[in-house]
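Q: Input structure: coords_24.cif, which contains mmCIF, C-alpha atoms.
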data_final
#
loop_
_atom_site.label_atom_id
_atom_site.label_comp_id
_atom_site.auth_asym_id
_atom_site.auth_seq_id
_atom_site.Cartn_x
_atom_site.Cartn_y
_atom_site.Cartn_z
CA MET A 193 3.88 -16.40 -0.14
CA SER A 194 6.64 -18.61 -1.40
CA ALA A 195 8.47 -21.26 0.56
CA ASP A 196 11.42 -18.89 0.85
CA THR A 197 9.87 -17.05 3.80
CA ASN A 198 9.90 -18.08 7.44
CA LEU A 199 6.11 -17.95 7.71
CA THR A 200 4.00 -21.09 7.84
CA LYS A 201 1.14 -21.67 5.44
CA GLU A 202 -1.41 -20.60 8.06
CA GLN A 203 0.40 -17.28 8.58
CA GLN A 204 0.65 -16.35 4.94
CA ASN A 205 -1.42 -13.81 3.07
CA PRO A 206 -4.38 -14.95 0.95
CA ALA A 207 -3.52 -16.86 -2.21
CA VAL A 208 -3.47 -14.88 -5.44
CA ASP A 209 -4.66 -15.99 -8.85
CA GLY A 210 -3.76 -13.07 -11.10
CA SER A 211 -7.34 -11.83 -11.25
CA GLU A 212 -8.18 -8.12 -11.08
CA LEU A 213 -7.87 -6.96 -7.47
CA ILE A 214 -8.24 -3.17 -7.78
CA ARG A 215 -10.28 -1.31 -10.38
CA PHE A 216 -10.69 2.46 -10.71
CA ASP A 217 -13.47 3.31 -13.17
CA LYS A 218 -13.68 6.94 -14.31
CA VAL A 219 -12.74 8.20 -10.84
CA VAL A 220 -12.80 11.96 -10.32
CA LYS A 221 -11.50 13.66 -7.18
CA ARG A 222 -11.62 17.40 -6.73
CA PHE A 223 -10.39 19.69 -4.00
CA GLY A 224 -12.33 22.88 -4.57
CA SER A 225 -11.75 23.93 -8.16
CA ASN A 226 -8.67 21.71 -8.46
CA THR A 227 -9.29 18.37 -10.19
CA VAL A 228 -6.68 16.01 -8.75
CA LEU A 229 -7.91 12.84 -10.48
CA ASP A 230 -9.52 13.27 -13.88
CA GLU A 231 -11.72 10.29 -14.90
CA LEU A 232 -8.98 7.92 -13.84
CA ASP A 233 -9.16 4.36 -15.17
CA PHE A 234 -6.64 1.75 -14.07
CA SER A 235 -6.46 -1.70 -12.53
CA VAL A 236 -4.06 -3.84 -10.52
CA ALA A 237 -3.97 -7.65 -10.79
CA SER A 238 -3.55 -9.76 -7.67
CA GLY A 239 0.04 -10.66 -6.92
CA LYS A 240 1.46 -7.80 -8.99
CA HIS A 241 3.65 -4.95 -7.79
CA VAL A 242 2.59 -1.66 -9.35
CA THR A 243 4.45 1.61 -8.76
CA LEU A 244 3.05 5.08 -9.34
CA ILE A 245 5.57 7.73 -10.33
CA GLY A 246 5.22 11.34 -11.36
CA PRO A 247 5.62 14.89 -10.07
CA SER A 248 4.26 16.01 -6.70
CA GLY A 249 0.62 16.98 -6.95
CA SER A 250 -0.13 14.59 -9.81
CA GLY A 251 -2.64 12.59 -7.76
CA LYS A 252 -0.61 9.53 -6.71
CA THR A 253 -1.14 9.72 -2.95
CA THR A 254 -4.79 10.64 -3.49
CA ILE A 255 -5.25 7.19 -5.07
CA LEU A 256 -3.95 5.50 -1.92
CA ARG A 257 -6.08 7.70 0.33
CA LEU A 258 -9.16 6.80 -1.72
CA LEU A 259 -8.38 3.10 -1.31
CA MET A 260 -8.08 3.59 2.46
CA THR A 261 -11.39 5.54 2.35
CA LEU A 262 -9.68 8.52 3.95
CA LEU A 263 -11.19 10.29 0.95
CA LYS A 264 -14.19 9.44 -1.21
CA PRO A 265 -14.43 9.91 -4.97
CA ASP A 266 -16.57 12.72 -6.35
CA GLU A 267 -17.40 10.63 -9.41
CA GLY A 268 -16.74 7.09 -10.59
CA THR A 269 -16.32 3.84 -8.68
CA ILE A 270 -13.56 1.80 -7.05
CA LYS A 271 -13.63 -1.97 -6.66
CA VAL A 272 -11.42 -4.11 -4.43
CA GLY A 273 -11.58 -7.87 -4.87
CA GLY A 274 -14.65 -7.54 -7.05
CA GLU A 275 -16.57 -5.55 -4.41
CA TYR A 276 -17.41 -1.87 -4.64
CA LEU A 277 -15.46 0.06 -2.01
CA THR A 278 -17.53 3.19 -1.36
CA HIS A 279 -20.72 2.06 -3.12
CA GLU A 280 -23.03 -0.91 -2.80
CA GLU A 281 -25.88 -2.27 -4.87
CA ARG A 282 -29.39 -1.97 -3.45
CA ASN A 283 -32.52 -2.87 -5.40
CA GLY A 284 -30.49 -2.92 -8.60
CA LYS A 285 -29.07 0.57 -8.03
CA LEU A 286 -25.60 1.74 -7.03
CA VAL A 287 -25.77 3.86 -3.88
CA PRO A 288 -23.23 5.21 -1.37
CA ALA A 289 -22.08 2.37 0.88
CA GLY A 290 -22.71 2.18 4.61
CA GLU A 291 -19.85 2.04 7.09
CA LYS A 292 -20.25 -1.70 7.70
CA HIS A 293 -19.78 -2.47 3.98
CA ILE A 294 -16.80 -0.11 3.71
CA ARG A 295 -15.09 -1.65 6.74
CA GLU A 296 -15.56 -5.16 5.37
CA VAL A 297 -14.01 -4.34 1.98
CA ARG A 298 -11.26 -2.21 3.52
CA LYS A 299 -10.07 -5.16 5.64
CA ASN A 300 -8.41 -6.44 2.45
CA ILE A 301 -6.16 -3.37 2.31
CA GLY A 302 -3.07 -2.56 4.39
CA MET A 303 -1.17 0.70 4.22
CA VAL A 304 2.23 1.94 5.33
CA PHE A 305 2.25 5.73 5.61
CA GLN A 306 5.02 8.31 5.32
CA GLN A 307 4.76 8.86 9.08
CA PHE A 308 4.92 5.69 11.13
CA ASN A 309 1.73 6.33 13.17
CA LEU A 310 2.67 3.83 15.88
CA PHE A 311 0.92 3.99 19.24
CA PRO A 312 3.58 5.56 21.51
CA ASN A 313 2.07 4.11 24.71
CA MET A 314 2.18 0.52 23.41
CA LYS A 315 5.19 -1.74 23.09
CA VAL A 316 6.16 -2.97 19.63
CA LEU A 317 4.43 -6.34 20.02
CA ARG A 318 1.11 -4.82 21.02
CA ASN A 319 1.32 -2.23 18.23
CA ILE A 320 1.22 -5.19 15.84
CA THR A 321 -1.30 -7.39 17.68
CA GLU A 322 -3.90 -4.74 18.54
CA ALA A 323 -5.73 -4.69 15.18
CA PRO A 324 -5.64 -8.45 14.48
CA VAL A 325 -7.21 -9.06 17.91
CA THR A 326 -9.81 -6.27 17.84
CA VAL A 327 -10.66 -6.25 14.12
CA LEU A 328 -10.01 -9.82 12.94
CA GLY A 329 -10.91 -11.51 16.23
CA LEU A 330 -7.65 -13.45 16.55
CA SER A 331 -6.75 -14.88 19.92
CA LYS A 332 -3.97 -13.07 21.76
CA ASP A 333 -1.66 -16.08 21.38
CA GLU A 334 -2.25 -16.38 17.64
CA ALA A 335 -1.83 -12.64 17.10
CA GLU A 336 1.40 -12.62 19.10
CA GLN A 337 2.84 -15.56 17.16
CA ARG A 338 2.01 -13.83 13.90
CA ALA A 339 3.58 -10.60 15.18
CA ARG A 340 6.79 -12.35 16.26
CA ASP A 341 7.11 -14.05 12.86
CA LEU A 342 6.66 -10.73 11.08
CA LEU A 343 9.13 -8.95 13.36
CA ASP A 344 11.66 -11.64 12.46
CA LEU A 345 10.84 -11.01 8.80
CA VAL A 346 11.62 -7.29 9.13
CA GLY A 347 14.73 -7.88 11.25
CA LEU A 348 13.35 -6.74 14.61
CA GLY A 349 12.65 -10.02 16.37
CA ASP A 350 14.56 -8.81 19.44
CA ARG A 351 12.60 -5.55 19.89
CA CYS A 352 9.18 -6.91 20.89
CA ASP A 353 9.26 -5.18 24.29
CA ALA A 354 10.60 -1.83 23.12
CA TYR A 355 8.47 1.30 22.92
CA PRO A 356 8.42 3.19 19.59
CA THR A 357 10.40 6.08 21.10
CA GLN A 358 13.25 3.65 21.80
CA LEU A 359 13.56 2.82 18.09
CA SER A 360 15.15 4.69 15.21
CA GLY A 361 12.93 6.05 12.46
CA GLY A 362 13.92 3.19 10.20
CA GLN A 363 13.07 0.63 12.87
CA GLN A 364 9.71 2.30 13.50
CA GLN A 365 8.90 2.12 9.81
CA ARG A 366 9.77 -1.58 9.76
CA VAL A 367 7.39 -2.11 12.68
CA ALA A 368 4.74 -0.24 10.69
CA ILE A 369 5.34 -2.63 7.76
CA ALA A 370 4.96 -5.64 10.07
CA ARG A 371 1.79 -4.13 11.52
CA ALA A 372 0.25 -3.73 8.08
CA LEU A 373 1.17 -7.30 7.10
CA ALA A 374 -0.27 -8.68 10.35
CA MET A 375 -3.77 -8.00 9.02
CA ARG A 376 -3.06 -10.34 6.09
CA PRO A 377 -4.21 -7.79 3.53
CA GLN A 378 -4.66 -8.75 -0.10
CA VAL A 379 -2.94 -5.53 -1.12
CA LEU A 380 -0.26 -3.46 0.61
CA LEU A 381 -0.23 0.27 -0.11
CA LEU A 382 3.10 2.06 0.31
CA ASP A 383 3.03 5.86 0.44
CA GLU A 384 6.51 7.35 0.16
CA VAL A 385 7.52 5.17 3.10
CA THR A 386 11.10 6.48 3.25
CA SER A 387 10.39 10.20 2.83
CA ALA A 388 10.40 10.91 6.60
CA LEU A 389 13.62 8.98 7.24
CA ASP A 390 17.17 10.22 7.56
CA PRO A 391 19.09 9.27 4.40
CA GLU A 392 21.22 6.64 6.15
CA LEU A 393 18.09 4.77 7.27
CA VAL A 394 16.42 4.58 3.84
CA ALA A 395 18.37 1.61 2.49
CA GLY A 396 17.41 -0.68 5.38
CA VAL A 397 13.67 -0.08 4.95
CA LEU A 398 13.88 -0.49 1.18
CA ASP A 399 15.79 -3.76 1.62
CA VAL A 400 12.96 -5.11 3.82
CA LEU A 401 10.37 -4.14 1.21
CA ARG A 402 12.45 -5.67 -1.58
CA ASP A 403 12.61 -8.91 0.39
CA ILE A 404 8.83 -8.92 0.89
CA ALA A 405 8.27 -8.13 -2.79
CA HIS A 406 10.60 -10.87 -4.00
CA THR A 407 9.62 -13.62 -1.55
CA THR A 408 5.85 -13.18 -1.19
CA ASP A 409 2.86 -12.99 -3.48
CA ILE A 410 1.26 -10.00 -1.77
CA THR A 411 -0.04 -7.35 -4.15
CA MET A 412 1.70 -3.99 -3.79
CA LEU A 413 0.66 -0.52 -4.91
CA CYS A 414 3.53 1.84 -4.26
CA VAL A 415 4.05 5.60 -4.49
CA THR A 416 7.73 6.46 -4.40
CA HIS A 417 10.42 8.83 -5.60
CA GLU A 418 13.02 6.08 -5.14
CA MET A 419 13.39 5.16 -8.79
CA ASN A 420 15.92 2.35 -8.32
CA PHE A 421 13.56 0.74 -5.83
CA ALA A 422 10.68 1.10 -8.30
CA ARG A 423 12.80 -0.52 -11.01
CA ASP A 424 13.72 -3.42 -8.71
CA ILE A 425 10.31 -4.41 -7.36
CA SER A 426 7.77 -3.41 -10.00
CA ASP A 427 5.90 -5.55 -12.49
CA GLN A 428 4.35 -2.38 -13.88
CA VAL A 429 5.12 1.34 -13.57
CA LEU A 430 2.47 4.01 -14.14
CA MET A 431 3.52 7.57 -14.94
CA PHE A 432 1.05 10.15 -13.63
CA ASP A 433 0.62 13.74 -14.65
CA SER A 434 -2.31 16.06 -13.97
CA GLY A 435 -4.48 13.33 -12.51
CA ARG A 436 -4.15 10.84 -15.34
CA VAL A 437 -1.95 7.91 -16.33
CA ILE A 438 -0.02 9.16 -19.33
CA GLU A 439 2.20 6.09 -19.77
CA SER A 440 2.47 2.61 -18.30
CA GLY A 441 4.58 -0.45 -18.85
CA PRO A 442 7.20 -2.73 -17.32
CA PRO A 443 10.04 -0.92 -15.54
CA GLU A 444 12.63 -1.71 -18.21
CA LYS A 445 10.47 0.11 -20.78
CA ILE A 446 9.50 3.09 -18.64
CA PHE A 447 13.00 3.71 -17.28
CA THR A 448 15.04 2.99 -20.40
CA ALA A 449 12.76 3.78 -23.35
CA PRO A 450 9.82 5.97 -22.27
CA GLU A 451 7.58 7.10 -25.10
CA HIS A 452 6.00 10.21 -23.60
CA ASP A 453 7.88 13.53 -23.51
CA ARG A 454 6.58 14.25 -20.01
CA THR A 455 7.90 10.90 -18.75
CA ARG A 456 11.34 11.58 -20.23
CA GLU A 457 11.34 15.07 -18.70
CA PHE A 458 10.36 13.76 -15.27
CA LEU A 459 12.89 10.93 -15.26
CA SER A 460 15.71 13.19 -16.41
CA ALA A 461 15.02 15.35 -13.36
CA VAL A 462 14.94 12.55 -10.79
CA LEU A 463 17.45 9.98 -12.06
#
Please rewrite the model in this file as structure tokens.

A:
Amino acid sequence: MSADTNLTKEQQNPAVDGSELIRFDKVVKRFGSNTVLDELDFSVASGKHVTLIGPSGSGKTTILRLLMTLLKPDEGTIKVGGEYLTHEERNGKLVPAGEKHIREVRKNIGMVFQQFNLFPNMKVLRNITEAPVTVLGLSKDEAEQRARDLLDLVGLGDRCDAYPTQLSGGQQQRVAIARALAMRPQVLLLDEVTSALDPELVAGVLDVLRDIAHTTDITMLCVTHEMNFARDISDQVLMFDSGRVIESGPPEKIFTAPEHDRTREFLSAVL
């Protein structure tokens, strides 16, 4: 993170060096006879903000669900931080990974879902501290200090003692963002994080994410239909169609001079 944030050095996410953080290698994912990802190859460098765009059903959210190990690939491999995610090497062979290996690699990944998925019986502060204490082994005091800093970052420093039901949808989503960041992930996955919000609440959540994108070095992999947001925060935009990347490049190229007919057709429908 840069010095522009309110977080101390000890509270910041891991340093980034521009090395490859995520690698999909010939990944195939099928649901029955439907091939959602078709030998997908792509990578994300640490510290970069990459946005996936494309029509519904093109495989974008499936990529995030694979990274969270909510799904497993039918073929191919995924690496995070140089480690295989759902495979491991044993006796020189690549075999399906055990749960302990998967959990260890997955600790580097945070995700903010379309639905907020907060624990309704826990106050805001405990929603954020629960995983750092139980998964990372932080002390309660350290976890609470981290949570308070992050709530300040997302503009909710005064709502520590509120229950989720006492918050608006936009406020709940900001708590969910703080909760994901509290685990100090190397990469933050964002899955259509404003799609469940009332229109008047969308701008506030996007402003928080813009601030995080512009003032921290955390890697982001984002699925969104908010094209202006994608243009603002992205280092690279990937256009998906039928389970493959058909075009990629910096946002100024993709949004102003796309080369692929399908990209132009998609953007003309959503812009």

Q: Selected by the PyMOL selection byres ((chain A and resi 353) around 8) in the shown coordinates: which residues, as a PyMOL selection string?

A: chain A and resi 315-317+351-352+354-355

Q: Would you work out the distance separating CA of Arg423 in chain A from CA of Leu398 in chain A, expressed in Å to one decimal?

A: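 Result for CA of Arg423 in chain A versus CA of Leu398 in chain A: 12.2 Å, one decimal.
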
Q: Hey, what's within 12 Å of Lys292 in chain A if we count only C-alpha atoms and toss same-chain stuff fewer than 3 positions away? As a list in words, please?

A: Leu277, Thr278, His279, Glu280, Pro288, Ala289, Arg295, Glu296, Val297, Arg298 and Lys299 of chain A

Q: Save the residues we just selected, C-alpha atoms, as a compact mmCIF listing (two decimals), keeping the file's coordinate frame?

A:
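again.txt, written as the output of this step:
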# COMPACT_ATOMS: atom_id res chain seq x y z
CA LEU A 277 -15.46 0.06 -2.01
CA THR A 278 -17.53 3.19 -1.36
CA HIS A 279 -20.72 2.06 -3.12
CA GLU A 280 -23.03 -0.91 -2.80
CA PRO A 288 -23.23 5.21 -1.37
CA ALA A 289 -22.08 2.37 0.88
CA ARG A 295 -15.09 -1.65 6.74
CA GLU A 296 -15.56 -5.16 5.37
CA VAL A 297 -14.01 -4.34 1.98
CA ARG A 298 -11.26 -2.21 3.52
CA LYS A 299 -10.07 -5.16 5.64

Q: Can you work out the spacing between CA of Val325 in chain A and CA of Val236 in chain A in Å, to one decimal?

A: 29.1 Å

Q: Got a sec to resolve the PyMOL selection byres ((chain A and resi 431) around 8) on this structure and send the residues as a PyMOL selection string?

A: chain A and resi 244-246+429-430+432-433+437-440+455
